[in-house]
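See below for the structure under consideration.
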Amino acid sequence: MILTRRLALGGLAAAPLLAAPALRAQAPVEIVFNYPIAVGGPITRIIDGYCEDFARANPGFRVRPIYAGSYQDTLTKTLTAMRGGDAPHLACLLAVDIFTLIGEDAVVAWDGLPGAERAWLDSFYPSFLENSRTGGKTWGIPFQRSTVVMYWNKEAFREAGLNPETPPADWAQQVEFASKLTKRQGDATGQWGMQIPSSGFPYWLFQGLTTQNDARLMNAEGNRTFFNDPKVAEALQYWMDLSMKHRVHPTGIVEWGTTPRDFFERKVAMMWTTTGNLTNVRNNAPFPFGVGMLPAGRRRGSPTGGGNLYLFKSANAAQREGAVRFAKFLTTPERAAQWGIDTGYVAVTPAAFETPAMRAHVAGFPAAAVARDQLEFAVAELSTQENQRVTKALNDNLQAALTSRKQAAPAMADAQAEAERILRSYR
Amino acid sequence: MPSRTTLHAWLMLTPALVLLIGFTHYPAVATLWHSFFSTPRANRPARFIGAENYLALAEDPVFWQALWNNLIYAGATIPLSIGLSLAMAIWVNGKLSGRTALRIAYCTPTVLPMIAVANLWLFFYTPDYGLLDQITRALFGWGPTNWIGQRETALGAMIAVAVWKEAGFFMIFYLAALQAIPPNLYEAAAIEGASRARVFFRVTLPLLGPTTLFIAVNAVINGFRLVDHIIVMTRGGPDNATALLLTVIYDLGFRFWDTATAAALTVVLLVILALTAAAQFLFAAKRVHYR
């Protein structure tokens with residue numbers, strides 16, 4: 001609370017325009033905030049609570065959240081509204097849509113706005129900032145950020161004669177553990193060893209594998225991809241082998257949405273999914289579970305993911321002011337820590353992990369710190385110009401390979417050819 | 001100078017005309033117009049490029065796959081949903097106990113929003129513990145099948161959902177039509193000693209002609225329009241196995257923001273639909289008897 005007040009005072013001091021009595025007498029400045037939540041629930045309540053707390057601490061401003069569905073829906077709604085001249089002022093959208101939003105001339109960089117000092121912009125984990133900065137400017141403020149981790153069923157480990165406290169450390173061990181964990185009766189499989197979801201956005205999980213195989217998928221300017229790197233095909237081959245050769249992973253496309261459910265139903269013993277599922281698993285798993293970093297290939301690795309706060313050009317000077325204050329308000333160490341504790345998303349600053357609340361939480365629930373520890377090895381999520389189109393080229397070919405329509409190397413060569421065709425005009 | 005009557009006529013027509021032009025003709029013409037221009041970007045305004053968008057489509061393997069998928073999808077959903085709805089209507093039109101409950105049950109899928117239906121079926125299709133796999137295991141001893149996760153079954157799974165959703169709606173029309181058939185025709189047929197099959201093909205089916213035409217037109221439109229469940233369940237995947245023309249238009253327009261190519265594809269879809277509708281009415285003019 002003390003910090004909030006100090007921040008609010010600091011903001012006021014830094015904003016002589018808003019401190020002017022003439023403005024203070026007017027109705028509060030309204031900031032429309034698009035937020036990606038498909039259905040009501042705990043997160044809606046948390047965000048509503050933040051908006052109310054913010055209004056109480058900053059009587060001059062009011063943030064009005066609009067819950068707009070999935071990230072994809074929220075982006076579509078936001079850009080459609082913008083074309084109709086009714087853009088929101090602030091939105092939480094995927095970090096990887098940075099090039100799309102800049103290309104559409106929709107957003108403004110946070111640097112240089114009153115109140116957005118360099119120290120604050122630099123206070124986030126560097127691996128989160130990788131996706132938030134381009135051309136030397138900060139376009140997104142990390143907020144709802146996540147990364148891929150492994151969850152395992154400790155009971156299944158014990159039954160298979162494995163140490164329930166140690167997850168597989170590398171790729172070879174992952175296959176070995178998964179074979180021990182796979183239970184077959186004749187042709188039917190009662191329990192799969194592991195599962196990496198491949199519906200919807202397989203590229204994100206795949207980027208875990210490629211990073212572990214020490215390959216990069218794109219350059220920092222977002223106008224070149226490296227899908228045809230032999231190490232990328234090798235990573236894909238490893239994924240395909242899990243189901244086709246080792247038979248420890250279900251065949252075909254594994255649904256993202258039902259993977260946690262498969263885990264709860266003991267249909268799978270180890271799953272790769274987002275840290276955003278932590279609270280869900282904690283509340284619903286009927287057995288003790290572990291959370292660990294993804295196993296290492298040539299190195300450890302995982303992509304970051306999730307959403308950043310973007311400020312839209314439609315915001316006027318006062319609204320930009322308020323948006324900066326609100327973004328700072330959301331990312332104060334105390335609030336970032338509480339957000340991480342409540343949702344399982346990764347608190348975005350190192351300072352948040354030093355707060356007493358987070359320390360106590362991590363002491364009682366060490367899984368909460370896994371994502372943070374993995375950040376050291378994390379890379380920026382695949383993000384390019386015409387991002388949706390390029391990722392679709394990769395997704396289609398990943399799915400073609402996983403459904404045995406293509407071999408690994410030709411699939412990645414096809415994805416690269418398509419990406420080249422799309423990105424050529426951006427160089 | 002036009003007479004007073006002409007003026008009145010135009011005034012009376014205005015509301016309908018405004019709505020028709022605003023919501024039907026103007027969008028269609030605007031789409032056609034935009035399909036000849038490039039997509040405007042922040043620093044590059046749209047410019048005239050002739051048929052380039054169409055050529056790009058012709059070169060796009062995803063477009064051909066979606067067209068082919070859509071033909072299969074329409075070709076399967078149309079006869080299946082019509083046949084099933086007719087069978088259900090005849091069944092619940094008979095004298096049987098609990099017929100109201102049965103009618104309501106058949107009609108339920110129609111009332112559910114497609115998004116809810118899709119989420120429901122997502123769990124039916126879940127490998128291993130999904131409803132469908134539990135049934136096939138109990139009946140045939142089959143192992144788990146990844147219904148929407150493999151190329152071979154994904155499109156079929158989408159067709160099944162569409163038929164399930166549509167048949168109940170069409171059944172209502174058939175039921176109404178069946179009850180409008182005068183009973184003396186059936187009595188006459190009975191006196192002649194006609195078999196049940198003969199009665200069905202000579203009396204029931206011809207008299208259902210106009211209804212069948214109406215339902216067929218709707219089924220064709222839905223064969224190209226009903227894609228909500230695909231967007232929820234597979235997003236056109238795996239590897240475009242369930243991509244239909246409309247899902248591709250959505251992807252082009254609202255995921256890639258390539259509005260010009262999306263407009264070109266919309267024109268292609270419009271032409272396909274216009275041709276099928278024309279063919280249906282030409283065929284119907286000869287074969288369907290209105291009383």
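Please note that chains go A, B, ... in the order of the structure tokens, that every chain numbers its residues from 1, and that ligands are numbered from 1 in the order shown.
If you take only C-alpha atoms and a cut-off of 7 Å, the residues of chain B that reach chain A are B:Arg41, B:Ala42, B:Gly143, B:Asn146, B:Gly149, B:Gln150, B:Arg151, B:Arg235, B:Pro238, B:Asp239, B:Asn240, B:Phe254, B:Arg255, B:Phe256.
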Output C-alpha atoms of each residue in that selection to a file, as a PDB file, in the first residue's frame.
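The resulting result_15.pdb:
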```pdb
ATOM      1  CA  ARG B  41      -1.292  -1.721 -45.186  1.00  0.00           C
ATOM      2  CA  ALA B  42      -0.257   1.090 -42.880  1.00  0.00           C
ATOM      3  CA  GLY B 143      -8.891 -49.422 -29.189  1.00  0.00           C
ATOM      4  CA  ASN B 146      -7.982 -40.027 -32.281  1.00  0.00           C
ATOM      5  CA  GLY B 149      -6.512 -35.687 -34.571  1.00  0.00           C
ATOM      6  CA  GLN B 150      -5.829 -37.732 -37.691  1.00  0.00           C
ATOM      7  CA  ARG B 151      -6.352 -36.859 -41.309  1.00  0.00           C
ATOM      8  CA  ARG B 235      -9.259 -24.681 -36.614  1.00  0.00           C
ATOM      9  CA  PRO B 238      -4.724 -31.266 -38.729  1.00  0.00           C
ATOM     10  CA  ASP B 239      -2.719 -29.915 -41.641  1.00  0.00           C
ATOM     11  CA  ASN B 240      -5.813 -28.391 -43.334  1.00  0.00           C
ATOM     12  CA  PHE B 254      -9.078 -11.970 -39.710  1.00  0.00           C
ATOM     13  CA  ARG B 255      -5.902 -13.845 -38.866  1.00  0.00           C
ATOM     14  CA  PHE B 256      -3.628 -12.747 -41.692  1.00  0.00           C
TER      15      PHE B 256
END
```
Using DSSP on the backbone coordinates, identify the residues of stretch 12-245 of chain B assigned to alpha helix (DSSP H); present them as a PyMOL selection string. chain B and resi 12-20+26-34+52-59+61-93+99-111+114-124+131-140+151-180+183-192+196-199+205-207+209-225+228-233+245
If you count only C-alpha atoms, the residue of A:Arg335, A:Arg56, A:Arg359, A:Arg158 closest to A:Pro288 turns out to be A:Arg158
I'd like the neighbourhood of A:Met293 as JSON, numbers by chain, where a residue qualifies if any of its atoms comes within 10 Å (using only C-alpha atoms), though same-chain residues fewer than 3 positions away should be ignored. {"A": [147, 148, 149, 150, 151, 167, 168, 169, 272, 296, 300, 301, 302, 367, 370, 371, 372, 373, 374, 375, 377]}
Could you give me, as CSV, a per-residue list for stretch 80-167 of chain A showing, wherever an atom lies at most 7 Å from an atom of stretch 343-357 of chain A, the closest pair of atoms and their distance in Å to one decimal, using only C-alpha atoms and sorting by chain then residue number from low to high?
```
residue,atom,partner,partner_atom,distance
A:Ser123,CA,A:Thr349,CA,6.1
A:Phe124,CA,A:Thr349,CA,4.4
A:Tyr125,CA,A:Thr349,CA,5.6
A:Pro142,CA,A:Val348,CA,6.4
A:Phe143,CA,A:Val348,CA,6.4
A:Gln144,CA,A:Tyr345,CA,6.2
A:Arg145,CA,A:Val346,CA,5.8
A:Ser146,CA,A:Tyr345,CA,5.4
```
Output of the above residues as a PDB file, in the first residue's frame, restricted to all heavy atoms:
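Saved to selection-v6.pdb:
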```pdb
ATOM      1  N   SER A 123      13.171  -3.414 -15.777  1.00  0.00           N
ATOM      2  CA  SER A 123      13.071  -4.204 -14.551  1.00  0.00           C
ATOM      3  C   SER A 123      12.543  -5.615 -14.793  1.00  0.00           C
ATOM      4  O   SER A 123      12.536  -6.428 -13.889  1.00  0.00           O
ATOM      5  CB  SER A 123      12.166  -3.477 -13.545  1.00  0.00           C
ATOM      6  OG  SER A 123      10.829  -3.469 -14.030  1.00  0.00           O
ATOM      7  N   PHE A 124      12.117  -5.928 -16.019  1.00  0.00           N
ATOM      8  CA  PHE A 124      11.523  -7.238 -16.281  1.00  0.00           C
ATOM      9  C   PHE A 124      12.594  -8.268 -16.614  1.00  0.00           C
ATOM     10  O   PHE A 124      13.719  -7.919 -16.943  1.00  0.00           O
ATOM     11  CB  PHE A 124      10.522  -7.130 -17.435  1.00  0.00           C
ATOM     12  CG  PHE A 124       9.425  -6.148 -17.168  1.00  0.00           C
ATOM     13  CD1 PHE A 124       9.512  -4.843 -17.637  1.00  0.00           C
ATOM     14  CD2 PHE A 124       8.336  -6.513 -16.405  1.00  0.00           C
ATOM     15  CE1 PHE A 124       8.521  -3.924 -17.367  1.00  0.00           C
ATOM     16  CE2 PHE A 124       7.337  -5.595 -16.129  1.00  0.00           C
ATOM     17  CZ  PHE A 124       7.431  -4.305 -16.603  1.00  0.00           C
ATOM     18  N   TYR A 125      12.210  -9.549 -16.541  1.00  0.00           N
ATOM     19  CA  TYR A 125      13.142 -10.607 -16.942  1.00  0.00           C
ATOM     20  C   TYR A 125      13.525 -10.404 -18.404  1.00  0.00           C
ATOM     21  O   TYR A 125      12.653 -10.196 -19.255  1.00  0.00           O
ATOM     22  CB  TYR A 125      12.490 -11.981 -16.772  1.00  0.00           C
ATOM     23  CG  TYR A 125      12.528 -12.488 -15.361  1.00  0.00           C
ATOM     24  CD1 TYR A 125      11.380 -12.551 -14.595  1.00  0.00           C
ATOM     25  CD2 TYR A 125      13.739 -12.906 -14.796  1.00  0.00           C
ATOM     26  CE1 TYR A 125      11.416 -13.009 -13.294  1.00  0.00           C
ATOM     27  CE2 TYR A 125      13.779 -13.372 -13.488  1.00  0.00           C
ATOM     28  CZ  TYR A 125      12.622 -13.426 -12.740  1.00  0.00           C
ATOM     29  OH  TYR A 125      12.666 -13.875 -11.461  1.00  0.00           O
ATOM     30  N   PRO A 142       5.502  -6.763 -20.331  1.00  0.00           N
ATOM     31  CA  PRO A 142       5.169  -8.145 -19.964  1.00  0.00           C
ATOM     32  C   PRO A 142       4.168  -8.174 -18.812  1.00  0.00           C
ATOM     33  O   PRO A 142       4.315  -7.430 -17.849  1.00  0.00           O
ATOM     34  CB  PRO A 142       6.511  -8.732 -19.514  1.00  0.00           C
ATOM     35  CG  PRO A 142       7.547  -7.874 -20.159  1.00  0.00           C
ATOM     36  CD  PRO A 142       6.943  -6.504 -20.239  1.00  0.00           C
ATOM     37  N   PHE A 143       3.129  -8.985 -18.967  1.00  0.00           N
ATOM     38  CA  PHE A 143       2.164  -9.090 -17.871  1.00  0.00           C
ATOM     39  C   PHE A 143       1.716 -10.533 -17.665  1.00  0.00           C
ATOM     40  O   PHE A 143       2.082 -11.179 -16.695  1.00  0.00           O
ATOM     41  CB  PHE A 143       0.961  -8.167 -18.103  1.00  0.00           C
ATOM     42  CG  PHE A 143      -0.065  -8.286 -17.029  1.00  0.00           C
ATOM     43  CD1 PHE A 143       0.283  -8.055 -15.705  1.00  0.00           C
ATOM     44  CD2 PHE A 143      -1.370  -8.660 -17.309  1.00  0.00           C
ATOM     45  CE1 PHE A 143      -0.648  -8.191 -14.690  1.00  0.00           C
ATOM     46  CE2 PHE A 143      -2.309  -8.795 -16.301  1.00  0.00           C
ATOM     47  CZ  PHE A 143      -1.944  -8.556 -14.987  1.00  0.00           C
ATOM     48  N   GLN A 144       0.923 -11.043 -18.611  1.00  0.00           N
ATOM     49  CA  GLN A 144       0.385 -12.396 -18.439  1.00  0.00           C
ATOM     50  C   GLN A 144       1.323 -13.365 -19.151  1.00  0.00           C
ATOM     51  O   GLN A 144       1.003 -13.872 -20.212  1.00  0.00           O
ATOM     52  CB  GLN A 144      -1.040 -12.449 -19.014  1.00  0.00           C
ATOM     53  CG  GLN A 144      -1.707 -13.787 -18.858  1.00  0.00           C
ATOM     54  CD  GLN A 144      -3.209 -13.723 -19.094  1.00  0.00           C
ATOM     55  OE1 GLN A 144      -3.971 -13.335 -18.222  1.00  0.00           O
ATOM     56  NE2 GLN A 144      -3.655 -14.115 -20.251  1.00  0.00           N
ATOM     57  N   ARG A 145       2.497 -13.607 -18.586  1.00  0.00           N
ATOM     58  CA  ARG A 145       3.512 -14.365 -19.311  1.00  0.00           C
ATOM     59  C   ARG A 145       3.658 -15.773 -18.754  1.00  0.00           C
ATOM     60  O   ARG A 145       3.441 -16.022 -17.572  1.00  0.00           O
ATOM     61  CB  ARG A 145       4.865 -13.636 -19.235  1.00  0.00           C
ATOM     62  CG  ARG A 145       4.846 -12.263 -19.865  1.00  0.00           C
ATOM     63  CD  ARG A 145       4.442 -12.281 -21.325  1.00  0.00           C
ATOM     64  NE  ARG A 145       5.332 -13.035 -22.160  1.00  0.00           N
ATOM     65  CZ  ARG A 145       6.314 -12.509 -22.891  1.00  0.00           C
ATOM     66  NH1 ARG A 145       6.524 -11.213 -22.892  1.00  0.00           N
ATOM     67  NH2 ARG A 145       7.075 -13.284 -23.640  1.00  0.00           N
ATOM     68  N   SER A 146       4.047 -16.654 -19.643  1.00  0.00           N
ATOM     69  CA  SER A 146       4.125 -18.062 -19.265  1.00  0.00           C
ATOM     70  C   SER A 146       5.306 -18.705 -19.966  1.00  0.00           C
ATOM     71  O   SER A 146       6.013 -18.058 -20.733  1.00  0.00           O
ATOM     72  CB  SER A 146       2.843 -18.775 -19.673  1.00  0.00           C
ATOM     73  OG  SER A 146       2.625 -18.594 -21.049  1.00  0.00           O
TER      74      SER A 146
END
```
Atom pair atom CA of B:Val163 + atom CA of B:Ser81, distance 5.0 Å
Atom pair atom CA of B:Thr145 + atom CA of B:Ala118, distance 18.2 Å
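For the choices A:Gln237, A:Asn316, A:Thr332, A:Ser383, the atom-to-atom distance to A:Ala408 is smallest for A:Gln237 when using only C-alpha atoms.
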Practice prompt. Run DSSP on the backbone and grab whatever in stretch 120-224 of chain A lands in strand (DSSP E or B); send it over as an MDAnalysis selection string.
Written response: chainID A and resid 133:134 137:138 141:153 170 183:185 188:195 218
Store the residues of this selection in a file with N, CA and C atoms, as a PDB file, in the first residue's frame.
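File produced: result.pdb:
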```pdb
ATOM      1  N   ARG A 133      10.523  -6.046 -27.395  1.00  0.00           N
ATOM      2  CA  ARG A 133      11.298  -4.935 -27.940  1.00  0.00           C
ATOM      3  C   ARG A 133      11.707  -5.247 -29.366  1.00  0.00           C
ATOM      4  N   THR A 134      11.680  -4.233 -30.196  1.00  0.00           N
ATOM      5  CA  THR A 134      12.287  -4.365 -31.514  1.00  0.00           C
ATOM      6  C   THR A 134      12.647  -2.968 -31.978  1.00  0.00           C
ATOM      7  N   LYS A 137      12.994  -0.140 -29.291  1.00  0.00           N
ATOM      8  CA  LYS A 137      11.876   0.417 -28.530  1.00  0.00           C
ATOM      9  C   LYS A 137      11.105  -0.691 -27.826  1.00  0.00           C
ATOM     10  N   THR A 138      10.466  -0.324 -26.722  1.00  0.00           N
ATOM     11  CA  THR A 138       9.668  -1.288 -25.965  1.00  0.00           C
ATOM     12  C   THR A 138       8.205  -1.096 -26.354  1.00  0.00           C
ATOM     13  N   ILE A 141       4.510  -4.338 -22.524  1.00  0.00           N
ATOM     14  CA  ILE A 141       4.910  -4.501 -21.124  1.00  0.00           C
ATOM     15  C   ILE A 141       4.519  -5.916 -20.705  1.00  0.00           C
ATOM     16  N   PRO A 142       5.502  -6.763 -20.331  1.00  0.00           N
ATOM     17  CA  PRO A 142       5.169  -8.145 -19.964  1.00  0.00           C
ATOM     18  C   PRO A 142       4.168  -8.174 -18.812  1.00  0.00           C
ATOM     19  N   PHE A 143       3.129  -8.985 -18.967  1.00  0.00           N
ATOM     20  CA  PHE A 143       2.164  -9.090 -17.871  1.00  0.00           C
ATOM     21  C   PHE A 143       1.716 -10.533 -17.665  1.00  0.00           C
ATOM     22  N   GLN A 144       0.923 -11.043 -18.611  1.00  0.00           N
ATOM     23  CA  GLN A 144       0.385 -12.396 -18.439  1.00  0.00           C
ATOM     24  C   GLN A 144       1.323 -13.365 -19.151  1.00  0.00           C
ATOM     25  N   ARG A 145       2.497 -13.607 -18.586  1.00  0.00           N
ATOM     26  CA  ARG A 145       3.512 -14.365 -19.311  1.00  0.00           C
ATOM     27  C   ARG A 145       3.658 -15.773 -18.754  1.00  0.00           C
ATOM     28  N   SER A 146       4.047 -16.654 -19.643  1.00  0.00           N
ATOM     29  CA  SER A 146       4.125 -18.062 -19.265  1.00  0.00           C
ATOM     30  C   SER A 146       5.306 -18.705 -19.966  1.00  0.00           C
ATOM     31  N   THR A 147       5.499 -19.978 -19.735  1.00  0.00           N
ATOM     32  CA  THR A 147       6.507 -20.739 -20.437  1.00  0.00           C
ATOM     33  C   THR A 147       6.079 -22.199 -20.353  1.00  0.00           C
ATOM     34  N   VAL A 148       6.750 -23.062 -21.132  1.00  0.00           N
ATOM     35  CA  VAL A 148       6.356 -24.470 -21.143  1.00  0.00           C
ATOM     36  C   VAL A 148       7.132 -25.212 -20.057  1.00  0.00           C
ATOM     37  N   VAL A 149       6.440 -26.015 -19.265  1.00  0.00           N
ATOM     38  CA  VAL A 149       7.110 -26.847 -18.264  1.00  0.00           C
ATOM     39  C   VAL A 149       6.555 -28.264 -18.352  1.00  0.00           C
ATOM     40  N   MET A 150       7.200 -29.172 -17.622  1.00  0.00           N
ATOM     41  CA  MET A 150       6.729 -30.550 -17.605  1.00  0.00           C
ATOM     42  C   MET A 150       6.044 -30.844 -16.273  1.00  0.00           C
ATOM     43  N   TYR A 151       4.891 -31.489 -16.343  1.00  0.00           N
ATOM     44  CA  TYR A 151       4.197 -31.952 -15.146  1.00  0.00           C
ATOM     45  C   TYR A 151       4.288 -33.468 -15.136  1.00  0.00           C
ATOM     46  N   TRP A 152       4.555 -34.056 -13.965  1.00  0.00           N
ATOM     47  CA  TRP A 152       4.555 -35.518 -13.933  1.00  0.00           C
ATOM     48  C   TRP A 152       3.781 -36.037 -12.736  1.00  0.00           C
ATOM     49  N   ASN A 153       3.255 -37.251 -12.920  1.00  0.00           N
ATOM     50  CA  ASN A 153       2.429 -37.909 -11.911  1.00  0.00           C
ATOM     51  C   ASN A 153       3.349 -38.735 -11.015  1.00  0.00           C
ATOM     52  N   ASP A 170      17.288 -35.416 -19.483  1.00  0.00           N
ATOM     53  CA  ASP A 170      17.613 -35.151 -20.881  1.00  0.00           C
ATOM     54  C   ASP A 170      16.726 -35.988 -21.803  1.00  0.00           C
ATOM     55  N   LYS A 183       1.808 -48.118 -20.168  1.00  0.00           N
ATOM     56  CA  LYS A 183       1.207 -49.394 -19.784  1.00  0.00           C
ATOM     57  C   LYS A 183       0.378 -49.912 -20.942  1.00  0.00           C
ATOM     58  N   ARG A 184       0.719 -51.078 -21.445  1.00  0.00           N
ATOM     59  CA  ARG A 184      -0.025 -51.647 -22.568  1.00  0.00           C
ATOM     60  C   ARG A 184      -0.668 -52.952 -22.173  1.00  0.00           C
ATOM     61  N   GLN A 185      -1.910 -53.164 -22.676  1.00  0.00           N
ATOM     62  CA  GLN A 185      -2.505 -54.501 -22.626  1.00  0.00           C
ATOM     63  C   GLN A 185      -2.828 -54.840 -24.068  1.00  0.00           C
ATOM     64  N   ALA A 188      -4.129 -52.156 -26.794  1.00  0.00           N
ATOM     65  CA  ALA A 188      -4.636 -50.978 -26.104  1.00  0.00           C
ATOM     66  C   ALA A 188      -3.587 -50.437 -25.138  1.00  0.00           C
ATOM     67  N   THR A 189      -3.567 -49.112 -25.013  1.00  0.00           N
ATOM     68  CA  THR A 189      -2.644 -48.491 -24.081  1.00  0.00           C
ATOM     69  C   THR A 189      -3.447 -47.877 -22.955  1.00  0.00           C
ATOM     70  N   GLY A 190      -3.199 -48.324 -21.723  1.00  0.00           N
ATOM     71  CA  GLY A 190      -3.939 -47.810 -20.580  1.00  0.00           C
ATOM     72  C   GLY A 190      -3.378 -46.487 -20.110  1.00  0.00           C
ATOM     73  N   GLN A 191      -2.062 -46.340 -20.240  1.00  0.00           N
ATOM     74  CA  GLN A 191      -1.416 -45.105 -19.794  1.00  0.00           C
ATOM     75  C   GLN A 191      -0.236 -44.824 -20.712  1.00  0.00           C
ATOM     76  N   TRP A 192      -0.224 -43.598 -21.280  1.00  0.00           N
ATOM     77  CA  TRP A 192       0.905 -43.214 -22.121  1.00  0.00           C
ATOM     78  C   TRP A 192       2.008 -42.648 -21.244  1.00  0.00           C
ATOM     79  N   GLY A 193       3.234 -42.786 -21.711  1.00  0.00           N
ATOM     80  CA  GLY A 193       4.368 -42.255 -20.966  1.00  0.00           C
ATOM     81  C   GLY A 193       4.354 -40.744 -20.923  1.00  0.00           C
ATOM     82  N   MET A 194       4.123 -40.126 -22.086  1.00  0.00           N
ATOM     83  CA  MET A 194       4.152 -38.668 -22.123  1.00  0.00           C
ATOM     84  C   MET A 194       3.322 -38.136 -23.277  1.00  0.00           C
ATOM     85  N   GLN A 195       3.133 -36.839 -23.278  1.00  0.00           N
ATOM     86  CA  GLN A 195       2.266 -36.220 -24.275  1.00  0.00           C
ATOM     87  C   GLN A 195       2.677 -34.764 -24.462  1.00  0.00           C
ATOM     88  N   MET A 218      14.032 -18.012 -35.749  1.00  0.00           N
ATOM     89  CA  MET A 218      13.901 -16.759 -36.512  1.00  0.00           C
ATOM     90  C   MET A 218      14.936 -15.743 -36.055  1.00  0.00           C
TER      91      MET A 218
END
```
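Interatomic distance, atom CA of A:Ala369 against atom CA of A:Pro126: 16.8 Å.
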Closest of A:Ala27, A:Ala215, A:Ala178, A:Ala336 to A:Phe227, counting only C-alpha atoms, is A:Ala215
Name the residues in contact with B:Leu244 at a cut-off of 7 Å, using only C-alpha atoms, excluding same-chain residues fewer than 4 positions from it; report them as a list of chain:residue names. B:Ala66, B:Leu67, B:Asn69, B:Asn70, B:Val248
Export N, CA and C atoms of the chosen residues as a short mmCIF file (atom, residue, chain, number, x, y, z; two decimals), in the first residue's frame?
```cif
data_model
loop_
_atom_site.label_atom_id
_atom_site.label_comp_id
_atom_site.auth_asym_id
_atom_site.auth_seq_id
_atom_site.Cartn_x
_atom_site.Cartn_y
_atom_site.Cartn_z
N ALA B 66 -9.11 -26.89 -49.52
CA ALA B 66 -10.35 -26.44 -48.86
C ALA B 66 -11.54 -26.63 -49.79
N LEU B 67 -11.34 -26.35 -51.08
CA LEU B 67 -12.44 -26.51 -52.05
C LEU B 67 -12.85 -27.97 -52.11
N ASN B 69 -12.25 -30.34 -49.83
CA ASN B 69 -12.87 -30.70 -48.55
C ASN B 69 -14.31 -30.23 -48.51
N ASN B 70 -14.55 -29.01 -49.01
CA ASN B 70 -15.88 -28.44 -48.92
C ASN B 70 -16.87 -29.22 -49.78
N VAL B 248 -11.13 -20.80 -44.41
CA VAL B 248 -9.98 -20.18 -45.06
C VAL B 248 -10.21 -18.68 -45.23
#
```
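Distances to A:Tyr426 were evaluated for A:Phe99, A:Thr274, A:Val232, A:Ala378 using only C-alpha atoms, and the minimum falls at A:Phe99.
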Please provide as a short mmCIF file (atom, residue, chain, number, x, y, z; two decimals) with C-alpha atoms, in the first residue's frame all residues within 9 Å of A:Gly322, with the sequence filter that same-chain residues fewer than 3 positions apart are discarded (counting only C-alpha atoms).
```cif
data_model
loop_
_atom_site.label_atom_id
_atom_site.label_comp_id
_atom_site.auth_asym_id
_atom_site.auth_seq_id
_atom_site.Cartn_x
_atom_site.Cartn_y
_atom_site.Cartn_z
CA VAL A 29 -10.26 9.82 -17.73
CA GLU A 30 -11.55 6.51 -19.01
CA ILE A 31 -9.17 3.90 -20.38
CA ASN A 58 -5.86 7.23 -8.79
CA GLY A 60 -8.40 10.86 -11.94
CA PHE A 61 -8.51 7.65 -13.96
CA ARG A 62 -10.84 4.78 -14.54
CA VAL A 63 -9.87 1.58 -16.38
CA ALA A 317 -2.22 12.33 -23.86
CA ALA A 318 -4.21 11.90 -20.64
CA GLN A 319 -5.11 8.32 -21.47
CA ARG A 325 0.32 4.42 -14.40
CA PHE A 326 -1.92 1.39 -14.73
CA ALA A 327 0.83 -0.72 -16.29
#
```
*Which residues come within 12 Å of stretch 19-28 of chain B, counting only C-alpha atoms, excluding same-chain residues fewer than 5 positions away, as a PyMOL selection string?*
chain B and resi 13-14+33-35+263-264+266-271+274
